[in-house]
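Asks: Structure in structure tokens, see below.
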Amino acid sequence: MSSGAPAGHGRRRAGARRGRLALLAACAALGACAGAVTTGAVAAATAAAATPHASLPQIERQVMCVTCKIPLQVAESPQADRERAFIQSLIDEGRDEAEIKQALVAQYGESVLGLPADHGFDTAAYLVPIGAVVLLAGTLLVLLPRWRRRGRISPADGSDADAATPLSAEDAARLESDLARFD
């Protein structure tokens, strides 16, 4: 028993526990509450299973060390160890991921979050890459058909376009001298 608890606190808890047990026994004996008790237990178990449990590795991937400015999962500093201990204490209290992130922001500020905020100027971190991909895709859609058409165009006589342009006398002489060197 803790030092701050009143002296009769333990007796009251035991009495309340006995009262609940007697009520459950009476309900079970009558059979009227048996279905409700079972349904309540199933609902409680389902609610507990539906609530996502946070884990330290899961949170570490999503937050930053406030001194190192790197993800907490790779940070090795005293501050990173303090953040891990703080997160573990919140997990031990039974808090979920969103509550842990809120507590981290309250403790260390917005810089602890690994992702930029989804409002204000920080939205540019999300929109600029998306815009770049859309712009690149649009450019390819416009230029790709042109490139393909240009590759299909050939001279009227069916010969290669590069072979159709004659070399100047100076270029032909230089080509012959270069080829003679390699023979």
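Labeling convention for the structure tokens: chains A, B, ... as they appear, residues from 1 per chain, ligands from 1 in order of appearance.
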Find the residues around Ser55 (chain A) up to 12 Å (only C-alpha atoms counted), leave out those fewer than 4 positions away in its own chain, and share them as JSON, numbers by chain.
Replies: {"A": [59, 60, 61, 62, 84, 87, 88, 89, 90, 91, 92, 94, 95, 96, 97, 100]}
Asks: Would you pick out the contacts of Tyr108 (chain A) at 12 Å or less, using only C-alpha atoms, so that residues sharing its chain but fewer than 3 positions from it are not included, and give the list as a list in words?
Replies: Val63, Met64, Cys65, Val66, Thr67, Gln79, Ala80, Arg82, Glu83, Phe86, Ile87, Ile100, Lys101, Gln102, Ala103, Leu104, Val105, Ser111, Val112 and Leu113 of chain A
Asks: Take the residues from that selection and put them in a file with N, CA and C atoms, as a CSV table (one decimal), in the first residue's frame.
Replies:
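Dumped to out-v2.csv:
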chain,number,residue,atom,x,y,z
A,63,VAL,N,10.1,9.5,-35.1
A,63,VAL,CA,10.5,10.7,-34.4
A,63,VAL,C,12.0,10.9,-34.5
A,64,MET,N,12.4,12.1,-34.2
A,64,MET,CA,13.8,12.5,-34.4
A,64,MET,C,14.5,12.8,-33.0
A,65,CYS,N,15.8,12.6,-32.9
A,65,CYS,CA,16.5,13.0,-31.7
A,65,CYS,C,16.6,14.6,-31.9
A,66,VAL,N,16.2,15.3,-30.8
A,66,VAL,CA,16.2,16.7,-31.0
A,66,VAL,C,17.6,17.4,-31.0
A,67,THR,N,18.6,16.7,-30.5
A,67,THR,CA,19.9,17.2,-30.5
A,67,THR,C,20.7,16.8,-31.8
A,79,GLN,N,20.8,12.4,-25.1
A,79,GLN,CA,19.4,12.9,-25.3
A,79,GLN,C,18.5,11.8,-26.0
A,80,ALA,N,19.1,11.1,-26.9
A,80,ALA,CA,18.3,10.0,-27.5
A,80,ALA,C,17.9,9.0,-26.5
A,82,ARG,N,17.4,9.5,-23.4
A,82,ARG,CA,16.3,10.1,-22.5
A,82,ARG,C,15.0,10.1,-23.3
A,83,GLU,N,15.0,10.4,-24.6
A,83,GLU,CA,13.8,10.3,-25.4
A,83,GLU,C,13.2,8.9,-25.4
A,86,PHE,N,11.6,8.2,-22.1
A,86,PHE,CA,10.3,8.9,-22.0
A,86,PHE,C,9.2,8.2,-22.8
A,87,ILE,N,9.6,7.7,-24.0
A,87,ILE,CA,8.6,7.0,-24.9
A,87,ILE,C,8.2,5.7,-24.2
A,100,ILE,N,1.3,9.4,-27.7
A,100,ILE,CA,2.7,9.5,-27.4
A,100,ILE,C,3.4,10.6,-28.2
A,101,LYS,N,2.9,10.8,-29.5
A,101,LYS,CA,3.5,11.8,-30.3
A,101,LYS,C,3.1,13.2,-29.7
A,102,GLN,N,1.8,13.3,-29.2
A,102,GLN,CA,1.4,14.6,-28.6
A,102,GLN,C,2.2,14.9,-27.4
A,103,ALA,N,2.5,13.9,-26.6
A,103,ALA,CA,3.3,14.1,-25.4
A,103,ALA,C,4.8,14.5,-25.8
A,104,LEU,N,5.3,13.9,-26.9
A,104,LEU,CA,6.7,14.2,-27.3
A,104,LEU,C,6.7,15.7,-27.8
A,105,VAL,N,5.7,16.1,-28.6
A,105,VAL,CA,5.7,17.5,-29.0
A,105,VAL,C,5.6,18.4,-27.9
A,111,SER,N,10.0,19.9,-33.5
A,111,SER,CA,11.2,19.4,-34.2
A,111,SER,C,11.4,17.9,-33.9
A,112,VAL,N,10.7,17.3,-32.9
A,112,VAL,CA,10.8,15.9,-32.6
A,112,VAL,C,10.1,15.0,-33.6
A,113,LEU,N,9.2,15.5,-34.3
A,113,LEU,CA,8.4,14.7,-35.3
A,113,LEU,C,9.3,14.5,-36.5
Asks: Using DSSP on the backbone coordinates, identify all residues within region 56-152 of chain A classified as alpha helix (DSSP H); present the result as a PyMOL selection string.
Replies: chain A and resi 56-60+78-92+97-108+124-152
Asks: What separation in Å, quoted to one decimal, exists between CA of Gly138 (chain A) and CA of Thr123 (chain A)?
Replies: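 According to the coordinates, CA of Gly138 (chain A) and CA of Thr123 (chain A) are separated by 22.4 Å.
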